[in-house]
Amino acid sequence: MCGIVGVIGKGPAVPRLVDGLKRLEYRGYDSSGVATLVADRIQRRRAEGKIVNLEARLSQEPLDGTIGIAHTRWATHGVPNERNAHPHATGKVALVHNGIIENYRQLRDELTRAGHKFESETDSEVMAQLITHLLDQGLSPEDATAKALKRVEGAFALGILFDGHPDLLIGARRGSPLAVGWGQGEMFLGSDAMALAPMTDKISYLEEGDWVVLRRDNAVFHDETDKVVSREVRLTALSGALIGKGNHRHFMLKEIYEQPAVIGDTLNTMFNPATREIALPQLPFDIAKVPKITIIACGTSYYSALVAKYWFERVARVAVEIDIASEFRYREAPMPEGGLAIFISQSGETSDTLAALRYAKAQKQHVLAVVNVPESAMAREAHAVLHTHAGPEIGVASTKAFTCQLTVLACLAIATARARGAIDAATEAKLSAAIAEVPSRANEVMGHDGAIQQLAQKVMEARDILFIGRGTGFAIAMEGALKLKEISYIHAEGYAAGELKHGPIALIDETVPVIVIAPSDHLFEKTYSNMQEVMARGGRVIFLSDKEGIARIGDEAEATIEIPSVDPFVAPILYAIPVQLLAYHVAVLKGTDVDQPRNLAKSVTVE
Ligand code: F6R
């Protein structure tokens with residue numbers, strides 16, 4: 001992952017570099033650093049941990065200069081200490097890197113034999129040393145970079161600063177995103193347009209294999225064969241303001257509470273209130289004719305795919321295959337020509353999902369991206385995009401992006417069902433009405449926050465927690481377990497309720513809370529039986545259901561949370577909220593870093 005910023009400007013570079021890093025902190029927060037040219041010489045400051053540590057360091061030891069590069073790290077090779085923090089510098093270059101250089105061992109051995117001394121354990125430093133080696137042979141910075149790029153294997157975005165060259169920055173991209181920002185007599189480099197938003201709204205994206213030479217007054221792009229190419233300049237609508245937490249203690253809580261509004265915003269782009277029908281933007285393929293739908297994503301976005309599978313199959317009667325992107329991309333799956341491949345991603349940059357998207361394109365699929373970041377790589381590369389309008393999601397644990405993804409996919413499932421003649425007008429009207437009431441029902445769920453906070457007290461000491469459900473409730477069980485694991489560090493697993501007796505039930509004893517996701521749907525009785533199997537073995541059941549469901553079980557569960565009674569079709573969108581809140585409150589009680597949990601980053605741009 002990691003985030004990169006570069007500035008070649010008129011005024012002091014460091015404040016802008018640090019501001020850019022803060023906007024990229026979602027990409028990693030293991031360490032950070034900046035390098036500038038002071039009197040044409042490379043100078044740098046680095047710090048372990050979050051960007052506040054770098055700021056503290058810079059306030060003790062300020063750094064001048066109008067040109068510089070900066071980096072926030074998510075560690076891949078080498079522990080997250082200051083020595084392994086970027087920028088990596090030799091006497092001649094300073095370099096920041098996002099990605100993985102796969103042949104770094106071989107290059108490191110070769111360069112060590114040639115007399116270069118490495119100071120870090122990272123794969124990235126090899127690139128700084130390799131360029132230095134080529135500069136030592138008399139090559140210009142441009143030629144040395146071009147030559148070095150041909151020697152490295154793997155995925156990367158790079159920003160390179162050259163000692164003695166106060167009007168030169170070089171960027172390069174293979175696999176990892178990189179954007180160039182155009183100012184007036186200033187140029188910028190960033191992992192995404194958001195990092196550059198306060199400095200400019202004019203952005204060009206490097207394409208795969210590109211490298212770019214930035215000077216204060218222009219940018220010259222080269223493709224992977226070193227040919228000079230032009231790249232479109234786009235205007236971005238991203239706001240330059242840093243997003244705040246409002247009255248909330250954490251971004252995650254703010255984002256959970258935003259859900260009724262942003263689900264509504266998303267719905268507004270797909271639902272015609274006059275006709276009360278789903279009205280999707282025009283798609284460049286006929287959804288009635290696709291032989292199969294394949295949905296690919298990672299993490300929480302994958303659990304959206306899992307919910308969508310149930311929707312598309314049951315409502316639209318179309319065959320759906322889903323997979324996690326890291327498996328799918330190497331599976332060499334045959335795909336029927338003209339099939340629809342849907343890629344779901346908050347960031348639109350997740351490297352495995354992007355690679356899977358490219359594979360599907362090569363397999364002649366219609367490629368549809370469901371993304372939250374409108375200018376992301378997936379949005380640019382897909383044939384069609386359905387946008388989630390969740391707004392910037394800053395908390396590393398995905399919440400509002402998930403429910404907005406579900407909203408888009410529910411609308412798409414209804415539209416697909418209609419196009420294929422799989423539902424009659426009455427069913428369509430019923431499902432459309434159900435989705436239209438989700439924002440107000442989601443608001444009602446927020447009313448249970450206090451009760452969920454109390455529940456958190458009951459489960460916070462547990463060592464293991466199980467989430468179970470059936471149908472779309474199974475997907476929410478998986479999502480609930482993931483949320484809890486990632487921010488509270490409690491071990492949790494999601495299981496299909498019917499699968500419990502095939503092994504995991506052995507884990508149940510009186511110390512294991514079991515969260516049962518059980519809306520009153522056609523599977524309720526079966527989930528209820530599974531819940532009794534759990535209770536018979538001493539398991540502590542926390543029961544999430546509606547009024548009817550809770551009445552049905554009486555006082556059998558240790559605790560219940562009542563979710564509004566809705567059409568089962570939209571239940572997963574609502575049941576996602578209490579599991580998010582539970583994870584949140586448990587994490588707060590445990591005192592973890594809710595918005596930036598250990599070892600994680602928001603945008604996963606490495607394999
Ligand atoms: C979990 C979480 C991750 C992401 C996953 C995919 O809360 O946020 O599991 O869902 O890394 O990211 P995107 O959706 O950006 O492709």
# chains A, B, ... in the order shown; residues from 1 in each chain; ligands from 1
>>> closest_atom_pairs(of="chain A", to="ligand 1", cutoff="10 Å", atoms="only C-alpha atoms and all ligand atoms", output="CSV")
residue,atom,partner,partner_atom_place_in_ligand_line,distance
A:Ile296,CA,ligand 1,16 (O),9.7
A:Ala297,CA,ligand 1,16 (O),6.3
A:Cys298,CA,ligand 1,6 (C),4.5
A:Gly299,CA,ligand 1,9 (O),3.2
A:Thr300,CA,ligand 1,10 (O),3.7
A:Ser301,CA,ligand 1,10 (O),4.7
A:Tyr302,CA,ligand 1,10 (O),7.1
A:Tyr303,CA,ligand 1,10 (O),8.4
A:Ser304,CA,ligand 1,10 (O),9.3
A:Ile324,CA,ligand 1,6 (C),9.8
A:Ala325,CA,ligand 1,16 (O),9.3
A:Phe343,CA,ligand 1,16 (O),8.6
A:Ile344,CA,ligand 1,14 (O),6.4
A:Ser345,CA,ligand 1,14 (O),3.4
A:Gln346,CA,ligand 1,14 (O),3.6
A:Ser347,CA,ligand 1,15 (O),3.6
A:Gly348,CA,ligand 1,15 (O),5.7
A:Glu349,CA,ligand 1,15 (O),6.3
A:Thr350,CA,ligand 1,16 (O),4.6
A:Ser351,CA,ligand 1,16 (O),8.1
A:Asp352,CA,ligand 1,16 (O),8.5
A:Thr353,CA,ligand 1,16 (O),6.6
A:Leu354,CA,ligand 1,16 (O),8.7
A:Val370,CA,ligand 1,14 (O),9.4
A:Val371,CA,ligand 1,14 (O),7.7
A:Asn372,CA,ligand 1,15 (O),8.3
A:Val373,CA,ligand 1,15 (O),8.8
A:Ser376,CA,ligand 1,15 (O),10.0
A:Met378,CA,ligand 1,16 (O),9.5
A:Glu393,CA,ligand 1,8 (O),9.5
A:Ile394,CA,ligand 1,8 (O),10.0
A:Gly395,CA,ligand 1,8 (O),8.3
A:Val396,CA,ligand 1,8 (O),5.7
A:Ala397,CA,ligand 1,7 (O),3.4
A:Ser398,CA,ligand 1,7 (O),3.9
A:Thr399,CA,ligand 1,7 (O),6.9
A:Ala401,CA,ligand 1,14 (O),7.8
A:Phe402,CA,ligand 1,10 (O),7.9
A:Gln405,CA,ligand 1,14 (O),9.4
A:Glu479,CA,ligand 1,7 (O),8.1
A:Gly480,CA,ligand 1,7 (O),9.6
A:Leu482,CA,ligand 1,1 (C),6.7
A:Lys483,CA,ligand 1,7 (O),5.8
A:Leu484,CA,ligand 1,7 (O),9.2
A:Lys485,CA,ligand 1,7 (O),9.5
A:Glu486,CA,ligand 1,7 (O),7.1
A:Ile487,CA,ligand 1,7 (O),8.6
A:Gln580,CA,ligand 1,7 (O),9.5
A:Leu600,CA,ligand 1,3 (C),8.8
A:Ala601,CA,ligand 1,11 (O),7.9
A:Lys602,CA,ligand 1,8 (O),6.1
A:Ser603,CA,ligand 1,15 (O),5.5
A:Val604,CA,ligand 1,11 (O),5.8
A:Thr605,CA,ligand 1,16 (O),9.1
>>> write_last_selection(atoms="N, CA and C atoms", output="compact mmCIF listing (two decimals), in the first residue's frame")
# COMPACT_ATOMS: atom_id res chain seq x y z
N ILE A 296 -16.58 -10.22 -8.09
CA ILE A 296 -15.26 -10.38 -7.47
C ILE A 296 -14.97 -9.16 -6.59
N ALA A 297 -14.39 -9.41 -5.44
CA ALA A 297 -14.04 -8.31 -4.52
C ALA A 297 -13.16 -8.88 -3.42
N CYS A 298 -12.75 -8.03 -2.49
CA CYS A 298 -11.96 -8.45 -1.33
C CYS A 298 -12.63 -7.97 -0.05
N GLY A 299 -12.40 -8.68 1.03
CA GLY A 299 -12.78 -8.22 2.37
C GLY A 299 -14.27 -7.93 2.48
N THR A 300 -14.56 -6.79 3.08
CA THR A 300 -15.96 -6.40 3.26
C THR A 300 -16.69 -6.30 1.93
N SER A 301 -16.01 -5.80 0.92
CA SER A 301 -16.66 -5.69 -0.40
C SER A 301 -17.04 -7.08 -0.92
N TYR A 302 -16.25 -8.08 -0.54
CA TYR A 302 -16.60 -9.45 -0.94
C TYR A 302 -17.90 -9.90 -0.26
N TYR A 303 -18.10 -9.44 0.97
CA TYR A 303 -19.36 -9.84 1.64
C TYR A 303 -20.56 -9.14 0.99
N SER A 304 -20.35 -8.01 0.36
CA SER A 304 -21.42 -7.43 -0.47
C SER A 304 -21.73 -8.38 -1.62
N ILE A 324 -13.18 -14.28 -4.01
CA ILE A 324 -12.28 -13.24 -3.54
C ILE A 324 -11.22 -13.03 -4.63
N ALA A 325 -10.84 -11.78 -4.81
CA ALA A 325 -10.02 -11.43 -5.96
C ALA A 325 -8.66 -12.10 -5.97
N PHE A 343 -17.17 -5.89 -10.27
CA PHE A 343 -16.06 -5.71 -9.32
C PHE A 343 -16.49 -4.67 -8.30
N ILE A 344 -16.44 -5.08 -7.03
CA ILE A 344 -16.92 -4.19 -5.98
C ILE A 344 -15.73 -3.71 -5.17
N SER A 345 -15.64 -2.41 -4.98
CA SER A 345 -14.50 -1.90 -4.21
C SER A 345 -14.80 -0.50 -3.69
N GLN A 346 -14.56 -0.27 -2.44
CA GLN A 346 -14.67 1.09 -1.90
C GLN A 346 -13.64 1.97 -2.59
N SER A 347 -12.38 1.56 -2.50
CA SER A 347 -11.29 2.42 -2.99
C SER A 347 -11.21 2.44 -4.50
N GLY A 348 -11.59 1.34 -5.13
CA GLY A 348 -11.41 1.22 -6.58
C GLY A 348 -9.95 1.01 -6.97
N GLU A 349 -9.10 0.74 -5.97
CA GLU A 349 -7.67 0.59 -6.25
C GLU A 349 -7.11 -0.75 -5.78
N THR A 350 -7.88 -1.54 -5.07
CA THR A 350 -7.37 -2.80 -4.49
C THR A 350 -6.69 -3.63 -5.59
N SER A 351 -5.43 -3.94 -5.39
CA SER A 351 -4.66 -4.45 -6.52
C SER A 351 -5.17 -5.81 -7.01
N ASP A 352 -5.58 -6.70 -6.10
CA ASP A 352 -6.09 -7.99 -6.55
C ASP A 352 -7.39 -7.82 -7.35
N THR A 353 -8.25 -6.94 -6.87
CA THR A 353 -9.53 -6.74 -7.57
C THR A 353 -9.29 -6.13 -8.95
N LEU A 354 -8.34 -5.21 -8.99
CA LEU A 354 -8.01 -4.57 -10.27
C LEU A 354 -7.43 -5.59 -11.25
N VAL A 370 -18.43 -1.36 -9.19
CA VAL A 370 -19.24 -0.69 -8.16
C VAL A 370 -18.22 -0.09 -7.20
N VAL A 371 -17.98 1.21 -7.32
CA VAL A 371 -16.90 1.82 -6.55
C VAL A 371 -17.38 3.08 -5.83
N ASN A 372 -16.60 3.44 -4.82
CA ASN A 372 -16.94 4.64 -4.04
C ASN A 372 -16.06 5.83 -4.43
N VAL A 373 -14.86 5.53 -4.92
CA VAL A 373 -13.96 6.63 -5.31
C VAL A 373 -14.10 6.82 -6.82
N SER A 376 -11.14 6.41 -9.35
CA SER A 376 -10.21 5.31 -9.09
C SER A 376 -9.88 4.54 -10.35
N MET A 378 -10.31 1.40 -10.99
CA MET A 378 -11.39 0.51 -11.45
C MET A 378 -12.47 1.30 -12.18
N GLU A 393 -14.60 7.62 2.91
CA GLU A 393 -14.63 6.73 4.08
C GLU A 393 -13.21 6.72 4.64
N ILE A 394 -13.06 7.24 5.84
CA ILE A 394 -11.72 7.42 6.42
C ILE A 394 -11.37 6.30 7.39
N GLY A 395 -12.34 5.88 8.21
CA GLY A 395 -12.10 4.76 9.12
C GLY A 395 -11.63 3.56 8.30
N VAL A 396 -10.62 2.88 8.80
CA VAL A 396 -10.09 1.75 8.02
C VAL A 396 -11.14 0.65 7.87
N ALA A 397 -11.93 0.43 8.91
CA ALA A 397 -12.99 -0.58 8.81
C ALA A 397 -14.13 -0.01 7.97
N SER A 398 -14.47 -0.73 6.94
CA SER A 398 -15.49 -0.24 6.01
C SER A 398 -16.89 -0.40 6.62
N THR A 399 -17.67 0.66 6.59
CA THR A 399 -19.03 0.59 7.14
C THR A 399 -20.03 1.14 6.12
N ALA A 401 -19.54 2.38 3.22
CA ALA A 401 -19.32 1.94 1.84
C ALA A 401 -20.03 0.60 1.62
N PHE A 402 -20.00 -0.26 2.65
CA PHE A 402 -20.63 -1.58 2.53
C PHE A 402 -22.13 -1.47 2.31
N GLN A 405 -22.84 -0.15 -1.04
CA GLN A 405 -22.65 -1.19 -2.07
C GLN A 405 -23.89 -2.07 -2.14
N GLU A 479 -19.46 -10.66 7.78
CA GLU A 479 -19.06 -9.26 7.88
C GLU A 479 -18.92 -8.84 9.36
N GLY A 480 -19.87 -9.30 10.19
CA GLY A 480 -19.80 -8.96 11.62
C GLY A 480 -18.52 -9.48 12.24
N LEU A 482 -15.69 -10.15 10.70
CA LEU A 482 -14.54 -9.40 10.17
C LEU A 482 -14.41 -8.05 10.89
N LYS A 483 -15.54 -7.34 11.03
CA LYS A 483 -15.49 -6.03 11.71
C LYS A 483 -14.90 -6.18 13.11
N LEU A 484 -15.41 -7.19 13.83
CA LEU A 484 -14.97 -7.36 15.21
C LEU A 484 -13.48 -7.69 15.29
N LYS A 485 -13.05 -8.61 14.43
CA LYS A 485 -11.63 -9.00 14.42
C LYS A 485 -10.75 -7.79 14.15
N GLU A 486 -11.09 -7.06 13.12
CA GLU A 486 -10.13 -6.06 12.65
C GLU A 486 -9.98 -4.88 13.59
N ILE A 487 -11.05 -4.53 14.34
CA ILE A 487 -10.85 -3.36 15.20
C ILE A 487 -10.75 -3.68 16.69
N GLN A 580 -21.80 -3.61 13.03
CA GLN A 580 -20.76 -2.56 12.99
C GLN A 580 -20.67 -1.88 14.36
N LEU A 600 -3.16 -2.79 9.56
CA LEU A 600 -4.07 -2.64 8.42
C LEU A 600 -3.82 -1.33 7.68
N ALA A 601 -4.39 -1.24 6.51
CA ALA A 601 -4.44 0.02 5.76
C ALA A 601 -5.72 0.00 4.97
N LYS A 602 -6.17 1.16 4.61
CA LYS A 602 -7.49 1.24 3.97
C LYS A 602 -7.45 0.77 2.52
N SER A 603 -6.38 1.10 1.85
CA SER A 603 -6.34 0.77 0.43
C SER A 603 -5.22 -0.24 0.22
N VAL A 604 -5.57 -1.41 -0.29
CA VAL A 604 -4.60 -2.50 -0.35
C VAL A 604 -4.06 -2.63 -1.76
N THR A 605 -2.99 -1.88 -2.02
CA THR A 605 -2.49 -1.87 -3.39
C THR A 605 -1.28 -2.78 -3.58
>>> residues_around(residues="A:Ile263", least_positions_apart="6", cutoff="8 Å", atoms="only C-alpha atoms", output="list of chain:residue names")
A:His389, A:Ala390, A:Lys400, A:Thr403, A:Cys404, A:Thr407, A:Val438, A:Pro439
>>> closest_residue(among="A:Val512, A:Val18, A:Ala288, A:Ile563", to="A:Ala56", atoms="only C-alpha atoms")
A:Val18
>>> atom_distance(atom1="atom CA of A:Phe162", atom2="atom CA of A:Val93")
4.6 Å
>>> residues_around(residues="stretch 132-146 of chain A", least_positions_apart="5", cutoff="9 Å", atoms="only C-alpha atoms", output="list in words")
Thr90, Gly91, Lys92, Val93, Leu111, Ala114, His116, Met127, Ile160, Phe162, Leu168, Ile170, Ala172, Trp211, Val213, Glu224 and Asp226 of chain A
>>> write_last_selection(atoms="N, CA, C and O atoms", output="PDB file, in the first residue's frame")
ATOM      1  N   THR A  90      20.365   7.743  -1.058  1.00  0.00           N
ATOM      2  CA  THR A  90      21.800   7.531  -1.226  1.00  0.00           C
ATOM      3  C   THR A  90      22.349   8.954  -1.319  1.00  0.00           C
ATOM      4  O   THR A  90      21.590   9.903  -1.179  1.00  0.00           O
ATOM      5  N   GLY A  91      23.614   9.119  -1.608  1.00  0.00           N
ATOM      6  CA  GLY A  91      24.100  10.494  -1.777  1.00  0.00           C
ATOM      7  C   GLY A  91      23.426  11.183  -2.962  1.00  0.00           C
ATOM      8  O   GLY A  91      23.345  12.396  -3.028  1.00  0.00           O
ATOM      9  N   LYS A  92      22.921  10.380  -3.899  1.00  0.00           N
ATOM     10  CA  LYS A  92      22.479  10.980  -5.162  1.00  0.00           C
ATOM     11  C   LYS A  92      20.975  11.039  -5.368  1.00  0.00           C
ATOM     12  O   LYS A  92      20.493  11.866  -6.139  1.00  0.00           O
ATOM     13  N   VAL A  93      20.263  10.109  -4.780  1.00  0.00           N
ATOM     14  CA  VAL A  93      18.799  10.133  -4.968  1.00  0.00           C
ATOM     15  C   VAL A  93      18.094   9.879  -3.635  1.00  0.00           C
ATOM     16  O   VAL A  93      18.643   9.262  -2.725  1.00  0.00           O
ATOM     17  N   LEU A 111      24.067  -5.449  -6.437  1.00  0.00           N
ATOM     18  CA  LEU A 111      24.529  -4.096  -6.087  1.00  0.00           C
ATOM     19  C   LEU A 111      25.502  -4.127  -4.902  1.00  0.00           C
ATOM     20  O   LEU A 111      26.437  -3.339  -4.841  1.00  0.00           O
ATOM     21  N   ALA A 114      28.729  -4.874  -6.153  1.00  0.00           N
ATOM     22  CA  ALA A 114      29.306  -3.710  -6.846  1.00  0.00           C
ATOM     23  C   ALA A 114      29.723  -2.617  -5.859  1.00  0.00           C
ATOM     24  O   ALA A 114      30.135  -1.527  -6.258  1.00  0.00           O
ATOM     25  N   HIS A 116      27.769  -1.197  -3.245  1.00  0.00           N
ATOM     26  CA  HIS A 116      26.747  -0.332  -2.638  1.00  0.00           C
ATOM     27  C   HIS A 116      26.385  -0.839  -1.244  1.00  0.00           C
ATOM     28  O   HIS A 116      26.266  -2.043  -1.032  1.00  0.00           O
ATOM     29  N   MET A 127      15.894   0.051  -5.365  1.00  0.00           N
ATOM     30  CA  MET A 127      15.643   0.925  -6.509  1.00  0.00           C
ATOM     31  C   MET A 127      16.480   2.203  -6.392  1.00  0.00           C
ATOM     32  O   MET A 127      17.038   2.682  -7.380  1.00  0.00           O
ATOM     33  N   ILE A 160      10.901  10.107  -7.258  1.00  0.00           N
ATOM     34  CA  ILE A 160      12.364  10.156  -7.111  1.00  0.00           C
ATOM     35  C   ILE A 160      12.849  11.601  -7.186  1.00  0.00           C
ATOM     36  O   ILE A 160      12.452  12.360  -8.077  1.00  0.00           O
ATOM     37  N   PHE A 162      16.408  14.043  -7.082  1.00  0.00           N
ATOM     38  CA  PHE A 162      17.827  13.887  -7.425  1.00  0.00           C
ATOM     39  C   PHE A 162      18.663  15.004  -6.806  1.00  0.00           C
ATOM     40  O   PHE A 162      18.318  16.187  -6.957  1.00  0.00           O
ATOM     41  N   LEU A 168      13.619  19.002 -10.819  1.00  0.00           N
ATOM     42  CA  LEU A 168      13.356  17.685 -11.412  1.00  0.00           C
ATOM     43  C   LEU A 168      12.798  16.699 -10.383  1.00  0.00           C
ATOM     44  O   LEU A 168      13.383  16.492  -9.325  1.00  0.00           O
ATOM     45  N   ILE A 170      10.961  12.689 -10.695  1.00  0.00           N
ATOM     46  CA  ILE A 170      10.517  11.646 -11.627  1.00  0.00           C
ATOM     47  C   ILE A 170       9.551  10.718 -10.898  1.00  0.00           C
ATOM     48  O   ILE A 170       9.776  10.353  -9.735  1.00  0.00           O
ATOM     49  N   ALA A 172       7.023   7.080 -11.472  1.00  0.00           N
ATOM     50  CA  ALA A 172       6.851   5.913 -12.345  1.00  0.00           C
ATOM     51  C   ALA A 172       5.761   5.035 -11.767  1.00  0.00           C
ATOM     52  O   ALA A 172       5.560   5.005 -10.549  1.00  0.00           O
ATOM     53  N   TRP A 211       6.262   6.381 -17.037  1.00  0.00           N
ATOM     54  CA  TRP A 211       7.068   7.175 -16.107  1.00  0.00           C
ATOM     55  C   TRP A 211       7.007   8.624 -16.560  1.00  0.00           C
ATOM     56  O   TRP A 211       6.746   8.905 -17.721  1.00  0.00           O
ATOM     57  N   VAL A 213       8.485  12.782 -16.164  1.00  0.00           N
ATOM     58  CA  VAL A 213       9.513  13.729 -15.731  1.00  0.00           C
ATOM     59  C   VAL A 213       8.814  15.051 -15.428  1.00  0.00           C
ATOM     60  O   VAL A 213       8.192  15.648 -16.308  1.00  0.00           O
ATOM     61  N   GLU A 224       5.965   2.593 -21.415  1.00  0.00           N
ATOM     62  CA  GLU A 224       6.960   1.611 -20.950  1.00  0.00           C
ATOM     63  C   GLU A 224       8.077   1.380 -21.962  1.00  0.00           C
ATOM     64  O   GLU A 224       9.127   0.847 -21.616  1.00  0.00           O
ATOM     65  N   ASP A 226       9.511   3.897 -23.350  1.00  0.00           N
ATOM     66  CA  ASP A 226      10.191   5.193 -23.215  1.00  0.00           C
ATOM     67  C   ASP A 226       9.736   6.224 -24.250  1.00  0.00           C
ATOM     68  O   ASP A 226      10.303   7.311 -24.330  1.00  0.00           O
TER      69      ASP A 226
END
>>> residues_around(residues="A:Asp167", least_positions_apart="4", cutoff="12 Å", atoms="only C-alpha atoms", output="ChimeraX atom specification")
/A:7-10,36-37,40,65-68,141,160-163,185-187,213-219
>>> write_last_selection(atoms="N, CA and C atoms", output="compact mmCIF listing (two decimals), in the first residue's frame")
# COMPACT_ATOMS: atom_id res chain seq x y z
N VAL A 7 6.23 17.26 -4.51
CA VAL A 7 5.92 18.67 -4.80
C VAL A 7 7.15 19.29 -5.44
N ILE A 8 6.92 20.00 -6.53
CA ILE A 8 8.01 20.78 -7.10
C ILE A 8 7.38 22.16 -7.29
N GLY A 9 7.58 23.01 -6.27
CA GLY A 9 6.74 24.20 -6.21
C GLY A 9 7.50 25.50 -6.06
N LYS A 10 6.76 26.50 -5.58
CA LYS A 10 7.36 27.84 -5.43
C LYS A 10 7.69 28.11 -3.96
N THR A 36 13.67 16.67 1.05
CA THR A 36 13.64 17.86 0.19
C THR A 36 15.07 18.16 -0.26
N LEU A 37 15.19 19.12 -1.15
CA LEU A 37 16.52 19.61 -1.50
C LEU A 37 16.73 20.93 -0.78
N ASP A 40 20.14 22.59 -2.80
CA ASP A 40 20.34 21.54 -3.83
C ASP A 40 20.78 20.17 -3.29
N GLY A 65 13.12 24.00 1.69
CA GLY A 65 13.15 23.48 0.32
C GLY A 65 11.81 23.63 -0.35
N THR A 66 11.84 23.82 -1.66
CA THR A 66 10.59 23.99 -2.43
C THR A 66 10.30 22.75 -3.26
N ILE A 67 11.17 21.77 -3.19
CA ILE A 67 10.94 20.52 -3.93
C ILE A 67 11.12 19.37 -2.95
N GLY A 68 10.24 18.37 -3.02
CA GLY A 68 10.40 17.26 -2.09
C GLY A 68 9.45 16.11 -2.38
N PRO A 141 19.71 11.57 -14.93
CA PRO A 141 18.64 11.04 -14.08
C PRO A 141 17.53 10.36 -14.89
N ILE A 160 10.90 10.11 -7.26
CA ILE A 160 12.36 10.16 -7.11
C ILE A 160 12.85 11.60 -7.19
N LEU A 161 13.71 11.92 -6.23
CA LEU A 161 14.30 13.26 -6.11
C LEU A 161 15.80 13.10 -6.33
N PHE A 162 16.41 14.04 -7.08
CA PHE A 162 17.83 13.89 -7.43
C PHE A 162 18.66 15.00 -6.81
N ASP A 163 19.72 14.60 -6.13
CA ASP A 163 20.63 15.57 -5.51
C ASP A 163 21.20 16.48 -6.62
N GLY A 185 3.04 26.97 -12.62
CA GLY A 185 4.47 27.05 -12.32
C GLY A 185 4.87 26.09 -11.21
N GLU A 186 4.02 25.08 -10.96
CA GLU A 186 4.30 24.07 -9.92
C GLU A 186 3.72 22.74 -10.42
N MET A 187 4.34 21.67 -10.03
CA MET A 187 3.79 20.35 -10.39
C MET A 187 3.79 19.47 -9.15
N VAL A 213 8.48 12.78 -16.16
CA VAL A 213 9.51 13.73 -15.73
C VAL A 213 8.81 15.05 -15.43
N LEU A 214 8.88 15.47 -14.17
CA LEU A 214 8.22 16.71 -13.76
C LEU A 214 9.26 17.81 -13.59
N ARG A 215 8.95 18.95 -14.20
CA ARG A 215 9.68 20.17 -13.91
C ARG A 215 8.63 21.20 -13.51
N ARG A 216 9.08 22.35 -12.96
CA ARG A 216 8.08 23.28 -12.42
C ARG A 216 7.01 23.66 -13.43
N ASP A 217 7.41 23.73 -14.72
CA ASP A 217 6.43 24.24 -15.67
C ASP A 217 5.88 23.18 -16.62
N ASN A 218 6.25 21.93 -16.47
CA ASN A 218 5.62 20.92 -17.33
C ASN A 218 5.86 19.49 -16.84
N ALA A 219 5.16 18.59 -17.51
CA ALA A 219 5.33 17.15 -17.21
C ALA A 219 5.46 16.43 -18.54
>>> select_by_dssp(residues="stretch 12-102 of chain A", states="alpha helix (DSSP H)", output="count of residues only")
22
>>> residues_around(residues="stretch 411-427 of chain A", least_positions_apart="5", cutoff="12 Å", atoms="only C-alpha atoms", output="VMD selection string")
chain A and resid 263 266 to 272 276 to 283 285 to 293 305 307 to 320 340 342 368 370 385 to 388 404 to 406 432 to 436 567 569 to 570
>>> write_last_selection(atoms="C-alpha atoms", output="short mmCIF file (atom, residue, chain, number, x, y, z; two decimals), in the first residue's frame")
data_model
loop_
_atom_site.label_atom_id
_atom_site.label_comp_id
_atom_site.auth_asym_id
_atom_site.auth_seq_id
_atom_site.Cartn_x
_atom_site.Cartn_y
_atom_site.Cartn_z
CA ILE A 263 -27.78 5.14 1.52
CA THR A 266 -26.99 6.40 -3.35
CA LEU A 267 -30.62 5.43 -3.79
CA ASN A 268 -31.43 8.85 -5.25
CA THR A 269 -29.23 8.02 -8.23
CA MET A 270 -31.14 4.80 -8.96
CA PHE A 271 -34.68 5.22 -7.77
CA ASN A 272 -37.32 7.36 -9.45
CA ARG A 276 -41.32 4.49 -7.46
CA GLU A 277 -39.27 2.34 -9.82
CA ILE A 278 -35.61 1.49 -9.99
CA ALA A 279 -34.06 3.50 -12.81
CA LEU A 280 -30.39 2.65 -13.31
CA PRO A 281 -28.05 4.73 -15.42
CA GLN A 282 -27.81 3.39 -18.99
CA LEU A 283 -25.49 0.36 -19.11
CA PHE A 285 -24.75 -4.07 -22.35
CA ASP A 286 -28.06 -5.84 -22.20
CA ILE A 287 -28.42 -7.27 -18.72
CA ALA A 288 -31.26 -9.48 -19.91
CA LYS A 289 -28.86 -11.37 -22.14
CA VAL A 290 -25.85 -12.04 -19.93
CA PRO A 291 -25.39 -15.80 -19.53
CA LYS A 292 -23.75 -15.54 -16.13
CA ILE A 293 -22.68 -12.98 -13.53
CA ALA A 305 -20.86 -9.86 -3.31
CA VAL A 307 -25.28 -10.88 -0.30
CA ALA A 308 -25.70 -9.99 -3.98
CA LYS A 309 -25.34 -13.62 -5.01
CA TYR A 310 -28.45 -14.50 -2.99
CA TRP A 311 -30.30 -11.53 -4.47
CA PHE A 312 -29.40 -12.14 -8.11
CA GLU A 313 -30.08 -15.86 -7.92
CA ARG A 314 -33.33 -15.71 -5.99
CA VAL A 315 -34.84 -12.57 -7.47
CA ALA A 316 -33.34 -12.32 -10.96
CA ARG A 317 -32.90 -16.09 -11.54
CA VAL A 318 -29.44 -15.68 -13.02
CA ALA A 319 -26.42 -17.87 -12.29
CA VAL A 320 -23.88 -16.07 -10.12
CA LEU A 340 -21.16 -9.83 -16.80
CA ILE A 342 -18.92 -7.08 -11.44
CA LEU A 368 -19.02 -3.28 -14.31
CA VAL A 370 -19.24 -0.69 -8.16
CA VAL A 385 -19.57 2.15 -13.30
CA LEU A 386 -22.27 2.25 -10.67
CA HIS A 387 -21.17 4.67 -7.99
CA THR A 388 -21.80 4.31 -4.31
CA CYS A 404 -24.06 1.69 -0.02
CA GLN A 405 -22.65 -1.19 -2.07
CA LEU A 406 -25.57 -3.32 -0.94
CA SER A 432 -38.66 -1.31 -4.82
CA ALA A 433 -40.82 -0.04 -1.96
CA ALA A 434 -38.70 -2.08 0.47
CA ILE A 435 -35.46 -0.56 -0.76
CA ALA A 436 -36.95 2.94 -0.71
CA ASP A 567 -39.06 -7.08 3.65
CA PHE A 569 -34.92 -8.68 0.75
CA VAL A 570 -33.46 -5.55 2.36
#
